[in-house]
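S.K.: Contents of protein-v1.cif (mmCIF, C-alpha atoms and all ligand atoms) are given next:
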data_model
#
loop_
_atom_site.group_PDB
_atom_site.id
_atom_site.type_symbol
_atom_site.label_atom_id
_atom_site.label_comp_id
_atom_site.auth_asym_id
_atom_site.auth_seq_id
_atom_site.Cartn_x
_atom_site.Cartn_y
_atom_site.Cartn_z
ATOM 1 C CA MET A 1 180.747 51.633 224.157
ATOM 2 C CA SER A 2 178.097 51.275 226.819
ATOM 3 C CA ALA A 3 179.615 52.737 229.993
ATOM 4 C CA THR A 4 176.466 52.496 232.082
ATOM 5 C CA THR A 5 176.877 53.326 235.747
ATOM 6 C CA LEU A 6 173.163 53.534 236.484
ATOM 7 C CA SER A 7 170.765 50.648 236.669
ATOM 8 C CA ILE A 8 167.384 52.041 235.659
ATOM 9 C CA PRO A 9 164.235 50.037 236.499
ATOM 10 C CA THR A 10 161.614 49.457 233.815
ATOM 11 C CA THR A 11 157.866 49.293 233.436
ATOM 12 C CA THR A 12 155.996 47.549 230.626
ATOM 13 C CA LEU A 13 154.086 49.058 227.715
ATOM 14 C CA ALA A 14 150.766 47.496 226.669
ATOM 15 C CA ASP A 15 152.472 45.348 224.003
ATOM 16 C CA GLY A 16 154.851 43.897 226.598
ATOM 17 C CA SER A 17 157.899 46.016 225.684
ATOM 18 C CA PRO A 18 160.061 47.049 228.625
ATOM 19 C CA PHE A 19 160.274 50.815 229.056
ATOM 20 C CA PRO A 20 162.582 52.784 231.419
ATOM 21 C CA LEU A 21 160.896 54.223 234.503
ATOM 22 C CA ILE A 22 163.436 57.061 234.583
ATOM 23 C CA GLY A 23 164.141 59.105 231.461
ATOM 24 C CA PHE A 24 165.803 62.420 230.762
ATOM 25 C CA GLY A 25 163.966 65.700 230.046
ATOM 26 C CA THR A 26 165.557 68.183 227.653
ATOM 27 C CA SER A 27 163.258 71.199 227.249
ATOM 28 C CA SER A 28 165.343 74.406 226.866
ATOM 29 C CA MET A 29 168.582 72.425 226.393
ATOM 30 C CA LYS A 30 169.853 73.795 223.114
ATOM 31 C CA GLY A 31 172.972 74.026 220.949
ATOM 32 C CA VAL A 32 176.366 72.783 222.023
ATOM 33 C CA GLU A 33 175.502 73.004 225.729
ATOM 34 C CA GLY A 34 172.308 71.034 225.167
ATOM 35 C CA ALA A 35 174.109 68.330 223.186
ATOM 36 C CA ARG A 36 176.719 68.115 225.938
ATOM 37 C CA ALA A 37 174.056 67.670 228.653
ATOM 38 C CA VAL A 38 172.294 64.949 226.656
ATOM 39 C CA ALA A 39 175.583 63.141 225.954
ATOM 40 C CA SER A 40 176.461 63.251 229.646
ATOM 41 C CA ALA A 41 173.053 61.799 230.599
ATOM 42 C CA VAL A 42 173.298 58.983 228.054
ATOM 43 C CA ARG A 43 176.855 58.217 229.129
ATOM 44 C CA ALA A 44 175.665 58.052 232.742
ATOM 45 C CA GLY A 45 173.103 55.422 231.780
ATOM 46 C CA TYR A 46 169.870 57.200 230.795
ATOM 47 C CA ARG A 47 168.292 55.418 227.840
ATOM 48 C CA LEU A 48 165.000 57.319 227.457
ATOM 49 C CA ILE A 49 165.420 60.884 226.175
ATOM 50 C CA ASP A 50 162.434 63.244 225.933
ATOM 51 C CA THR A 51 162.305 66.004 223.344
ATOM 52 C CA ALA A 52 159.683 67.715 221.143
ATOM 53 C CA ALA A 53 159.530 69.662 217.895
ATOM 54 C CA GLN A 54 158.312 72.572 220.008
ATOM 55 C CA TYR A 55 161.533 72.632 222.074
ATOM 56 C CA GLY A 56 163.610 73.556 219.013
ATOM 57 C CA ASN A 57 166.382 71.266 220.226
ATOM 58 C CA GLU A 58 165.974 68.017 218.308
ATOM 59 C CA ALA A 59 169.224 68.534 216.383
ATOM 60 C CA ALA A 60 171.102 69.048 219.657
ATOM 61 C CA VAL A 61 169.430 65.988 221.196
ATOM 62 C CA GLY A 62 170.406 63.868 218.177
ATOM 63 C CA GLN A 63 173.938 65.173 218.374
ATOM 64 C CA GLY A 64 174.106 64.451 222.108
ATOM 65 C CA VAL A 65 172.889 60.887 221.638
ATOM 66 C CA ARG A 66 175.425 60.224 218.870
ATOM 67 C CA GLY A 67 178.204 62.067 220.753
ATOM 68 C CA SER A 68 177.704 59.997 223.895
ATOM 69 C CA GLY A 69 179.634 57.044 222.502
ATOM 70 C CA VAL A 70 176.714 54.753 223.363
ATOM 71 C CA ASP A 71 175.163 52.820 220.478
ATOM 72 C CA PRO A 72 172.179 54.994 219.353
ATOM 73 C CA ASP A 73 170.149 51.787 218.934
ATOM 74 C CA GLU A 74 170.257 51.405 222.724
ATOM 75 C CA THR A 75 168.588 54.793 223.199
ATOM 76 C CA LEU A 76 164.846 55.497 223.108
ATOM 77 C CA VAL A 77 164.062 59.003 221.884
ATOM 78 C CA THR A 78 160.602 60.461 222.440
ATOM 79 C CA THR A 79 159.439 63.356 220.320
ATOM 80 C CA LYS A 80 156.106 65.160 220.077
ATOM 81 C CA ILE A 81 153.897 66.537 217.334
ATOM 82 C CA ALA A 82 153.651 70.304 217.852
ATOM 83 C CA GLY A 83 150.274 72.069 217.965
ATOM 84 C CA GLY A 84 150.854 73.724 214.582
ATOM 85 C CA ASP A 85 151.599 70.321 213.026
ATOM 86 C CA GLN A 86 148.288 68.719 213.952
ATOM 87 C CA GLY A 87 146.182 67.205 211.168
ATOM 88 C CA ARG A 88 146.536 64.399 208.646
ATOM 89 C CA GLU A 89 149.388 65.577 206.378
ATOM 90 C CA ALA A 90 150.889 68.137 208.740
ATOM 91 C CA ALA A 91 151.487 65.541 211.464
ATOM 92 C CA ARG A 92 153.226 63.245 208.991
ATOM 93 C CA GLU A 93 155.408 66.125 207.794
ATOM 94 C CA GLY A 94 155.976 67.125 211.399
ATOM 95 C CA LEU A 95 157.325 63.702 212.356
ATOM 96 C CA LEU A 96 159.472 63.474 209.211
ATOM 97 C CA GLY A 97 160.994 66.854 210.118
ATOM 98 C CA SER A 98 161.661 65.676 213.689
ATOM 99 C CA LEU A 99 163.357 62.500 212.461
ATOM 100 C CA ARG A 100 165.495 64.515 210.061
ATOM 101 C CA ARG A 101 166.641 66.863 212.836
ATOM 102 C CA LEU A 102 167.240 63.966 215.227
ATOM 103 C CA GLY A 103 169.134 61.979 212.602
ATOM 104 C CA LEU A 104 166.923 58.917 213.176
ATOM 105 C CA ASP A 105 164.981 56.605 210.873
ATOM 106 C CA SER A 106 162.267 56.135 213.474
ATOM 107 C CA ALA A 107 161.409 57.469 216.932
ATOM 108 C CA ALA A 108 160.925 55.141 219.881
ATOM 109 C CA LEU A 109 157.876 57.096 221.033
ATOM 110 C CA VAL A 110 155.844 59.815 219.327
ATOM 111 C CA LEU A 111 153.262 61.810 221.294
ATOM 112 C CA ILE A 112 150.678 64.443 220.402
ATOM 113 C CA HIS A 113 152.060 67.306 222.514
ATOM 114 C CA TRP A 114 148.769 68.963 223.575
ATOM 115 C CA PRO A 115 145.180 68.216 222.499
ATOM 116 C CA ASN A 116 144.515 71.872 221.508
ATOM 117 C CA PRO A 117 140.712 71.460 221.352
ATOM 118 C CA SER A 118 140.134 74.810 219.595
ATOM 119 C CA ARG A 119 141.526 73.274 216.379
ATOM 120 C CA GLY A 120 139.600 69.998 216.622
ATOM 121 C CA LEU A 121 142.448 68.095 214.952
ATOM 122 C CA ALA A 122 143.572 65.755 217.729
ATOM 123 C CA LEU A 123 141.644 62.772 216.359
ATOM 124 C CA GLU A 124 142.981 63.191 212.806
ATOM 125 C CA THR A 125 146.463 63.537 214.274
ATOM 126 C CA TRP A 126 145.953 60.338 216.278
ATOM 127 C CA ARG A 127 144.855 58.477 213.129
ATOM 128 C CA THR A 128 148.054 59.689 211.466
ATOM 129 C CA LEU A 129 150.201 58.424 214.350
ATOM 130 C CA ILE A 130 148.522 55.016 214.026
ATOM 131 C CA ASP A 131 149.534 54.953 210.333
ATOM 132 C CA LEU A 132 153.061 56.183 211.070
ATOM 133 C CA LYS A 133 153.525 53.397 213.592
ATOM 134 C CA GLU A 134 152.369 50.837 211.047
ATOM 135 C CA GLU A 135 154.901 52.268 208.605
ATOM 136 C CA GLY A 136 157.665 51.859 211.196
ATOM 137 C CA LEU A 137 158.406 55.573 211.653
ATOM 138 C CA ALA A 138 157.353 55.334 215.302
ATOM 139 C CA GLN A 139 157.873 52.272 217.452
ATOM 140 C CA HIS A 140 155.309 53.401 220.032
ATOM 141 C CA ILE A 141 152.660 56.124 219.994
ATOM 142 C CA GLY A 142 150.844 58.089 222.637
ATOM 143 C CA VAL A 143 149.718 61.504 223.736
ATOM 144 C CA SER A 144 150.570 64.199 226.232
ATOM 145 C CA ASN A 145 148.377 66.397 228.397
ATOM 146 C CA PHE A 146 145.167 64.544 227.475
ATOM 147 C CA ARG A 147 142.415 64.362 230.086
ATOM 148 C CA PRO A 148 140.543 61.045 230.530
ATOM 149 C CA GLU A 149 137.594 62.172 228.363
ATOM 150 C CA GLN A 150 139.992 63.335 225.627
ATOM 151 C CA LEU A 151 141.703 59.924 225.717
ATOM 152 C CA GLN A 152 138.338 58.169 225.619
ATOM 153 C CA GLU A 153 137.418 60.048 222.448
ATOM 154 C CA LEU A 154 140.533 58.737 220.655
ATOM 155 C CA ILE A 155 139.922 55.185 221.894
ATOM 156 C CA ASP A 156 136.223 55.197 220.927
ATOM 157 C CA ALA A 157 136.895 56.569 217.445
ATOM 158 C CA THR A 158 139.843 54.352 216.497
ATOM 159 C CA GLY A 159 139.892 51.352 218.844
ATOM 160 C CA VAL A 160 143.573 52.125 219.388
ATOM 161 C CA THR A 161 144.616 53.132 222.905
ATOM 162 C CA PRO A 162 147.571 55.505 223.346
ATOM 163 C CA GLU A 163 150.463 53.568 224.892
ATOM 164 C CA VAL A 164 151.583 56.533 227.006
ATOM 165 C CA ASN A 165 150.077 59.767 228.327
ATOM 166 C CA GLN A 166 152.692 62.282 229.468
ATOM 167 C CA ILE A 167 151.101 64.628 232.019
ATOM 168 C CA GLN A 168 152.130 67.218 234.582
ATOM 169 C CA LEU A 169 152.586 65.150 237.739
ATOM 170 C CA SER A 170 154.575 65.251 240.981
ATOM 171 C CA PRO A 171 153.757 64.940 244.690
ATOM 172 C CA ALA A 172 152.396 68.499 244.330
ATOM 173 C CA LEU A 173 150.029 67.406 241.532
ATOM 174 C CA GLN A 174 149.164 63.764 242.165
ATOM 175 C CA ARG A 175 146.384 63.454 239.528
ATOM 176 C CA PRO A 176 144.763 60.307 241.030
ATOM 177 C CA GLU A 177 141.816 60.233 238.590
ATOM 178 C CA ALA A 178 144.079 60.460 235.538
ATOM 179 C CA VAL A 179 146.455 57.797 236.878
ATOM 180 C CA ALA A 180 143.526 55.449 237.647
ATOM 181 C CA PHE A 181 142.088 55.928 234.137
ATOM 182 C CA HIS A 182 145.477 55.179 232.579
ATOM 183 C CA ARG A 183 145.867 52.053 234.699
ATOM 184 C CA GLU A 184 142.402 50.834 233.781
ATOM 185 C CA HIS A 185 143.209 51.210 230.070
ATOM 186 C CA GLY A 186 146.796 49.911 230.102
ATOM 187 C CA ILE A 187 148.247 53.367 229.388
ATOM 188 C CA VAL A 188 151.650 54.118 230.924
ATOM 189 C CA THR A 189 151.655 57.415 232.832
ATOM 190 C CA GLN A 190 154.674 59.610 232.249
ATOM 191 C CA ALA A 191 155.306 62.582 234.553
ATOM 192 C CA TRP A 192 156.585 65.901 233.242
ATOM 193 C CA GLY A 193 157.680 68.488 235.768
ATOM 194 C CA PRO A 194 158.260 65.578 238.174
ATOM 195 C CA LEU A 195 160.274 67.751 240.580
ATOM 196 C CA GLY A 196 157.357 70.164 241.014
ATOM 197 C CA GLY A 197 159.504 73.283 240.525
ATOM 198 C CA ARG A 198 156.545 75.332 239.268
ATOM 199 C CA GLU A 199 154.702 74.480 242.500
ATOM 200 C CA GLY A 200 157.615 75.168 244.899
ATOM 201 C CA LEU A 201 157.605 71.490 245.889
ATOM 202 C CA ALA A 202 161.267 71.187 246.964
ATOM 203 C CA GLU A 203 160.732 73.759 249.743
ATOM 204 C CA GLN A 204 157.788 71.938 251.292
ATOM 205 C CA PHE A 205 158.360 70.817 254.873
ATOM 206 C CA ALA A 206 156.744 67.385 254.433
ATOM 207 C CA LEU A 207 158.974 66.539 251.475
ATOM 208 C CA ARG A 208 162.098 67.800 253.222
ATOM 209 C CA LYS A 209 161.223 65.743 256.290
ATOM 210 C CA VAL A 210 160.937 62.517 254.280
ATOM 211 C CA ALA A 211 164.147 63.369 252.397
ATOM 212 C CA ARG A 212 166.025 63.963 255.665
ATOM 213 C CA LYS A 213 164.823 60.650 257.096
ATOM 214 C CA HIS A 214 166.281 58.789 254.083
ATOM 215 C CA GLY A 215 169.437 60.919 253.742
ATOM 216 C CA ALA A 216 168.217 61.772 250.229
ATOM 217 C CA ALA A 217 167.555 64.927 248.216
ATOM 218 C CA PRO A 218 163.924 66.151 248.020
ATOM 219 C CA SER A 219 164.087 65.593 244.244
ATOM 220 C CA GLN A 220 164.991 61.937 244.775
ATOM 221 C CA VAL A 221 162.024 61.409 247.087
ATOM 222 C CA SER A 222 159.642 62.978 244.539
ATOM 223 C CA LEU A 223 160.964 60.701 241.812
ATOM 224 C CA ARG A 224 160.905 57.586 243.997
ATOM 225 C CA TRP A 225 157.298 58.339 244.990
ATOM 226 C CA ALA A 226 156.328 58.367 241.294
ATOM 227 C CA ILE A 227 158.209 55.284 240.120
ATOM 228 C CA ASP A 228 156.814 53.343 243.098
ATOM 229 C CA GLN A 229 153.442 53.797 241.333
ATOM 230 C CA ASP A 230 154.879 52.617 238.026
ATOM 231 C CA ILE A 231 154.863 56.195 236.723
ATOM 232 C CA VAL A 232 157.708 57.082 234.333
ATOM 233 C CA VAL A 233 159.614 60.255 235.304
ATOM 234 C CA ILE A 234 161.670 62.428 232.945
ATOM 235 C CA PRO A 235 163.593 64.874 235.162
ATOM 236 C CA LYS A 236 165.770 67.413 233.395
ATOM 237 C CA SER A 237 169.168 68.497 234.656
ATOM 238 C CA THR A 238 172.154 70.114 233.002
ATOM 239 C CA ASP A 239 174.327 69.115 235.943
ATOM 240 C CA PRO A 240 176.095 65.716 235.689
ATOM 241 C CA GLN A 241 175.875 65.062 239.444
ATOM 242 C CA ARG A 242 172.151 65.866 239.575
ATOM 243 C CA GLN A 243 171.634 63.688 236.494
ATOM 244 C CA LEU A 244 173.133 60.801 238.464
ATOM 245 C CA ASP A 245 171.217 61.649 241.653
ATOM 246 C CA ASN A 246 167.887 61.736 239.788
ATOM 247 C CA ALA A 247 168.369 58.203 238.512
ATOM 248 C CA SER A 248 169.917 56.716 241.685
ATOM 249 C CA LEU A 249 166.841 55.885 243.715
ATOM 250 C CA ASP A 250 167.378 52.241 244.666
ATOM 251 C CA ARG A 251 168.325 52.784 248.277
ATOM 252 C CA ILE A 252 165.330 55.056 249.023
ATOM 253 C CA VAL A 253 162.546 52.817 250.324
ATOM 254 C CA LEU A 254 159.445 54.815 251.174
ATOM 255 C CA ASP A 255 157.109 53.456 253.853
ATOM 256 C CA ASP A 256 153.457 54.119 254.707
ATOM 257 C CA GLU A 257 154.367 56.990 257.034
ATOM 258 C CA ASP A 258 156.340 58.664 254.216
ATOM 259 C CA ARG A 259 153.502 58.143 251.728
ATOM 260 C CA ALA A 260 150.991 59.628 254.199
ATOM 261 C CA LEU A 261 153.167 62.736 254.560
ATOM 262 C CA LEU A 262 153.645 63.051 250.788
ATOM 263 C CA ALA A 263 149.873 62.717 250.266
ATOM 264 C CA THR A 264 149.440 66.034 252.099
ATOM 265 C CA LEU A 265 151.379 67.841 249.368
ATOM 266 C CA ASP A 266 148.762 67.417 246.618
ATOM 267 C CA LEU A 267 147.465 70.805 245.494
ATOM 268 C CA GLY A 268 144.615 69.186 243.570
ATOM 269 C CA GLU A 269 143.612 68.673 239.951
ATOM 270 C CA GLU A 270 142.489 72.281 239.499
ATOM 271 C CA THR A 271 146.098 73.451 239.983
ATOM 272 C CA ALA A 272 147.362 71.447 236.977
ATOM 273 C CA TRP A 273 147.397 73.059 233.539
ATOM 274 C CA ASP A 274 143.979 72.330 232.069
ATOM 275 C CA SER A 275 144.154 71.078 228.489
ATOM 276 C CA ARG A 276 140.538 72.071 227.845
ATOM 277 C CA GLU A 277 141.805 75.660 227.901
ATOM 278 C CA HIS A 278 145.599 75.612 227.803
ATOM 279 C CA GLU A 279 146.933 75.105 224.262
ATOM 280 C CA GLU A 280 150.485 75.060 222.914
ATOM 281 C CA TRP A 281 151.881 75.493 219.434
HETATM 282 N N1 LIG A 301 154.580 67.276 227.579
HETATM 283 C C1 LIG A 301 154.657 68.503 228.051
HETATM 284 O O1 LIG A 301 153.765 69.333 227.851
HETATM 285 C C2 LIG A 301 155.859 68.894 228.863
HETATM 286 C C3 LIG A 301 155.866 70.098 229.585
HETATM 287 C C4 LIG A 301 156.992 70.412 230.321
HETATM 288 C C5 LIG A 301 158.078 69.558 230.348
HETATM 289 N N2 LIG A 301 158.067 68.395 229.606
HETATM 290 C C6 LIG A 301 159.221 67.452 229.604
HETATM 291 O O2 LIG A 301 159.452 67.051 230.937
HETATM 292 C C7 LIG A 301 160.803 67.314 231.281
HETATM 293 C C8 LIG A 301 160.917 67.585 232.756
HETATM 294 O O3 LIG A 301 160.105 68.673 233.145
HETATM 295 P P1 LIG A 301 160.704 70.090 233.537
HETATM 296 O O4 LIG A 301 161.991 70.270 232.790
HETATM 297 O O5 LIG A 301 159.633 71.087 233.355
HETATM 298 O O6 LIG A 301 160.932 70.027 235.091
HETATM 299 P P2 LIG A 301 161.760 69.097 236.115
HETATM 300 O O7 LIG A 301 162.517 68.057 235.432
HETATM 301 O O8 LIG A 301 160.765 68.700 237.138
HETATM 302 O O9 LIG A 301 162.732 70.148 236.786
HETATM 303 C C9 LIG A 301 163.838 70.662 236.110
HETATM 304 C C10 LIG A 301 164.503 71.721 236.994
HETATM 305 O O10 LIG A 301 164.914 71.125 238.226
HETATM 306 C C11 LIG A 301 166.324 71.307 238.410
HETATM 307 N N3 LIG A 301 166.846 70.037 238.963
HETATM 308 C C12 LIG A 301 166.976 68.875 238.306
HETATM 309 N N4 LIG A 301 167.447 67.920 239.128
HETATM 310 C C13 LIG A 301 167.616 68.497 240.349
HETATM 311 C C14 LIG A 301 168.081 68.024 241.595
HETATM 312 N N5 LIG A 301 168.466 66.750 241.750
HETATM 313 N N6 LIG A 301 168.115 68.904 242.621
HETATM 314 C C15 LIG A 301 167.736 70.190 242.450
HETATM 315 N N7 LIG A 301 167.292 70.708 241.291
HETATM 316 C C16 LIG A 301 167.230 69.859 240.239
HETATM 317 C C17 LIG A 301 166.892 71.611 237.050
HETATM 318 O O11 LIG A 301 168.004 72.481 237.145
HETATM 319 P P3 LIG A 301 169.490 72.025 236.706
HETATM 320 O O12 LIG A 301 169.438 71.810 235.224
HETATM 321 O O13 LIG A 301 170.336 73.192 237.092
HETATM 322 O O14 LIG A 301 169.828 70.774 237.475
HETATM 323 C C18 LIG A 301 165.729 72.310 236.348
HETATM 324 O O15 LIG A 301 165.732 73.699 236.674
HETATM 325 C C19 LIG A 301 161.167 68.479 230.357
HETATM 326 O O16 LIG A 301 162.539 68.700 230.261
HETATM 327 C C20 LIG A 301 160.511 68.047 229.081
HETATM 328 O O17 LIG A 301 161.314 67.084 228.428
HETATM 329 C C21 LIG A 301 156.962 68.060 228.891
#
What does the file become when written as structure tokens?
M.R.:
Amino acid sequence: MSATTLSIPTTTLADGSPFPLIGFGTSSMKGVEGARAVASAVRAGYRLIDTAAQYGNEAAVGQGVRGSGVDPDETLVTTKIAGGDQGREAAREGLLGSLRRLGLDSAALVLIHWPNPSRGLALETWRTLIDLKEEGLAQHIGVSNFRPEQLQELIDATGVTPEVNQIQLSPALQRPEAVAFHREHGIVTQAWGPLGGREGLAEQFALRKVARKHGAAPSQVSLRWAIDQDIVVIPKSTDPQRQLDNASLDRIVLDDEDRALLATLDLGEETAWDSREHEEW
């Protein structure tokens, strides 16, 4: 069954593969409730599902994908190598554990979750992901929360450019330097926290004004603003109606006046979590 009601636009990865511009975030969705939320999102038409070993919910995500009734081969699951699993053998074991919990033979996209510079293992982990892709355990590989100089280090050492960098990004954290670096190197930018909840974005007057003008929700305007720049968004919602709203952006057409207003919302790079200091395990 493939009861898609949503039509989700795509971008293109460096190898030419189409990739959904709107995916589904799952952090903190666990157990039966988590599986139910994932199944509802897949049934609605989401095809890109974002999880991580660190979220402790891969089994629920796998169950949700299978329980949706949609052919699992139509679904792209992203998972991430946790901080404690960095390194040559540990990263391999980490991915094998993720695949086991997800009930998959390979993951559509595998990312290094955070660079964690204090361990100095990001490069070895990246070399492992390159091998795992060659072995077919990952269809695409990338990173998350890497700054341009951290990306450059991986590229210089291996000659292999991450296909995706998943970073904290919304109209409240526009990250123009990171986005420009990604574009220059053919890296797809993926936005986590795309609704800017941590920054109080939905309450901002400028965003509400644009939303009112288009008869849309503030969340929809934030997401439209990102996908207009070819940035992949992965909003999370447990609510079936909000799941639909977050992926129904076609009729919102932002103009220059809207973009000028939204530009005023950027809090600046220094407000984003800084992966030179912030580490996760
Ligand atoms: N790579 C990383 O380091 C990293 C870090 C953080 C997150 N992520 C990934 O990115 C995903 C998204 O980020 P996030 O979960 O932090 O934040 P988000 O998707 O920006 O926001 C999620 C919150 O917004 C609410 N919400 C969703 N749609 C809404 C709507 N239409 N109107 C009003 N409220 C709405 C949700 O509540 P309801 O559920 O009640 O709708 C939830 O509380 C995560 O789930 C995870 O997969 C990655």
S.K.: Find, counting all atoms listed in the file, the residue in A:Ala191, A:Val233, A:Ala157, A:Val42 that gets nearest to Thr10 (chain A).
M.R.: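 The closest residue to Thr10 (chain A) is A:Val233.
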S.K.: To verify the selection step, state as a list in words which residues the PyMOL selection byres (((chain A and resi 44) around 7) and not hetatm) yields on this input.
M.R.: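 So the PyMOL selection byres (((chain A and resi 44) around 7) and not hetatm) ends up selecting Thr4, Thr5, Leu6, Ser40, Ala41, Val42, Arg43, Gly45, Tyr46 and Leu244 of chain A.
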S.K.: Around ligand LIG 301 (chain A), which protein and nucleic acid residues have at least one atom no more than 7 Å from it, if we count only C-alpha atoms and all ligand atoms? List them as a PDB file with C-alpha atoms, in the frame of the given file.
M.R.:
ATOM      1  CA  PHE A  24     165.803  62.420 230.762  1.00  0.00           C
ATOM      2  CA  GLY A  25     163.966  65.700 230.046  1.00  0.00           C
ATOM      3  CA  THR A  26     165.557  68.183 227.653  1.00  0.00           C
ATOM      4  CA  SER A  27     163.258  71.199 227.249  1.00  0.00           C
ATOM      5  CA  ASP A  50     162.434  63.244 225.933  1.00  0.00           C
ATOM      6  CA  THR A  51     162.305  66.004 223.344  1.00  0.00           C
ATOM      7  CA  HIS A 113     152.060  67.306 222.514  1.00  0.00           C
ATOM      8  CA  TRP A 114     148.769  68.963 223.575  1.00  0.00           C
ATOM      9  CA  SER A 144     150.570  64.199 226.232  1.00  0.00           C
ATOM     10  CA  ASN A 145     148.377  66.397 228.397  1.00  0.00           C
ATOM     11  CA  GLN A 166     152.692  62.282 229.468  1.00  0.00           C
ATOM     12  CA  ILE A 167     151.101  64.628 232.019  1.00  0.00           C
ATOM     13  CA  GLN A 168     152.130  67.218 234.582  1.00  0.00           C
ATOM     14  CA  TRP A 192     156.585  65.901 233.242  1.00  0.00           C
ATOM     15  CA  GLY A 193     157.680  68.488 235.768  1.00  0.00           C
ATOM     16  CA  PRO A 194     158.260  65.578 238.174  1.00  0.00           C
ATOM     17  CA  LEU A 195     160.274  67.751 240.580  1.00  0.00           C
ATOM     18  CA  GLY A 196     157.357  70.164 241.014  1.00  0.00           C
ATOM     19  CA  GLY A 197     159.504  73.283 240.525  1.00  0.00           C
ATOM     20  CA  ALA A 217     167.555  64.927 248.216  1.00  0.00           C
ATOM     21  CA  SER A 219     164.087  65.593 244.244  1.00  0.00           C
ATOM     22  CA  GLN A 220     164.991  61.937 244.775  1.00  0.00           C
ATOM     23  CA  ILE A 234     161.670  62.428 232.945  1.00  0.00           C
ATOM     24  CA  PRO A 235     163.593  64.874 235.162  1.00  0.00           C
ATOM     25  CA  LYS A 236     165.770  67.413 233.395  1.00  0.00           C
ATOM     26  CA  SER A 237     169.168  68.497 234.656  1.00  0.00           C
ATOM     27  CA  THR A 238     172.154  70.114 233.002  1.00  0.00           C
ATOM     28  CA  ASP A 239     174.327  69.115 235.943  1.00  0.00           C
ATOM     29  CA  ARG A 242     172.151  65.866 239.575  1.00  0.00           C
ATOM     30  CA  GLN A 243     171.634  63.688 236.494  1.00  0.00           C
ATOM     31  CA  ASP A 245     171.217  61.649 241.653  1.00  0.00           C
ATOM     32  CA  ASN A 246     167.887  61.736 239.788  1.00  0.00           C
TER      33      ASN A 246
END
S.K.: Excluding region 174-187 of chain A and its own-chain neighbours fewer than 4 positions away, which residues fall within 12 Å of it when counting only C-alpha atoms? Please give them as a ChimeraX atom specification.
M.R.: /A:11-16,140-152,155,159-170,191-196,222,225-226,229-232,259,262-274
S.K.: Just C-alpha atoms for this one: save the residues we selected as a CSV table (one decimal), keeping the file's coordinate frame.
M.R.:
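Written output follows (out30.csv):
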chain,number,residue,atom,x,y,z
A,11,THR,CA,157.9,49.3,233.4
A,12,THR,CA,156.0,47.5,230.6
A,13,LEU,CA,154.1,49.1,227.7
A,14,ALA,CA,150.8,47.5,226.7
A,15,ASP,CA,152.5,45.3,224.0
A,16,GLY,CA,154.9,43.9,226.6
A,140,HIS,CA,155.3,53.4,220.0
A,141,ILE,CA,152.7,56.1,220.0
A,142,GLY,CA,150.8,58.1,222.6
A,143,VAL,CA,149.7,61.5,223.7
A,144,SER,CA,150.6,64.2,226.2
A,145,ASN,CA,148.4,66.4,228.4
A,146,PHE,CA,145.2,64.5,227.5
A,147,ARG,CA,142.4,64.4,230.1
A,148,PRO,CA,140.5,61.0,230.5
A,149,GLU,CA,137.6,62.2,228.4
A,150,GLN,CA,140.0,63.3,225.6
A,151,LEU,CA,141.7,59.9,225.7
A,152,GLN,CA,138.3,58.2,225.6
A,155,ILE,CA,139.9,55.2,221.9
A,159,GLY,CA,139.9,51.4,218.8
A,160,VAL,CA,143.6,52.1,219.4
A,161,THR,CA,144.6,53.1,222.9
A,162,PRO,CA,147.6,55.5,223.3
A,163,GLU,CA,150.5,53.6,224.9
A,164,VAL,CA,151.6,56.5,227.0
A,165,ASN,CA,150.1,59.8,228.3
A,166,GLN,CA,152.7,62.3,229.5
A,167,ILE,CA,151.1,64.6,232.0
A,168,GLN,CA,152.1,67.2,234.6
A,169,LEU,CA,152.6,65.2,237.7
A,170,SER,CA,154.6,65.3,241.0
A,191,ALA,CA,155.3,62.6,234.6
A,192,TRP,CA,156.6,65.9,233.2
A,193,GLY,CA,157.7,68.5,235.8
A,194,PRO,CA,158.3,65.6,238.2
A,195,LEU,CA,160.3,67.8,240.6
A,196,GLY,CA,157.4,70.2,241.0
A,222,SER,CA,159.6,63.0,244.5
A,225,TRP,CA,157.3,58.3,245.0
A,226,ALA,CA,156.3,58.4,241.3
A,229,GLN,CA,153.4,53.8,241.3
A,230,ASP,CA,154.9,52.6,238.0
A,231,ILE,CA,154.9,56.2,236.7
A,232,VAL,CA,157.7,57.1,234.3
A,259,ARG,CA,153.5,58.1,251.7
A,262,LEU,CA,153.6,63.1,250.8
A,263,ALA,CA,149.9,62.7,250.3
A,264,THR,CA,149.4,66.0,252.1
A,265,LEU,CA,151.4,67.8,249.4
A,266,ASP,CA,148.8,67.4,246.6
A,267,LEU,CA,147.5,70.8,245.5
A,268,GLY,CA,144.6,69.2,243.6
A,269,GLU,CA,143.6,68.7,240.0
A,270,GLU,CA,142.5,72.3,239.5
A,271,THR,CA,146.1,73.5,240.0
A,272,ALA,CA,147.4,71.4,237.0
A,273,TRP,CA,147.4,73.1,233.5
A,274,ASP,CA,144.0,72.3,232.1
S.K.: The PyMOL selection byres (((chain A and resi 101) around 9) and not hetatm) - which residues does that actually catch in the file I just gave you? List them as a list in words.
M.R.: Asn57, Glu58, Ala59, Ala60, Val61, Gly62, Leu96, Gly97, Ser98, Leu99, Arg100, Leu102, Gly103 and Leu104 of chain A
S.K.: Take the residues from that selection and write them out as a short mmCIF file (atom, residue, chain, number, x, y, z; two decimals), in the frame of the given file, keeping C-alpha atoms.
M.R.:
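Saved result, part27.cif, follows:
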data_model
loop_
_atom_site.label_atom_id
_atom_site.label_comp_id
_atom_site.auth_asym_id
_atom_site.auth_seq_id
_atom_site.Cartn_x
_atom_site.Cartn_y
_atom_site.Cartn_z
CA ASN A 57 166.38 71.27 220.23
CA GLU A 58 165.97 68.02 218.31
CA ALA A 59 169.22 68.53 216.38
CA ALA A 60 171.10 69.05 219.66
CA VAL A 61 169.43 65.99 221.20
CA GLY A 62 170.41 63.87 218.18
CA LEU A 96 159.47 63.47 209.21
CA GLY A 97 160.99 66.85 210.12
CA SER A 98 161.66 65.68 213.69
CA LEU A 99 163.36 62.50 212.46
CA ARG A 100 165.50 64.52 210.06
CA LEU A 102 167.24 63.97 215.23
CA GLY A 103 169.13 61.98 212.60
CA LEU A 104 166.92 58.92 213.18
#
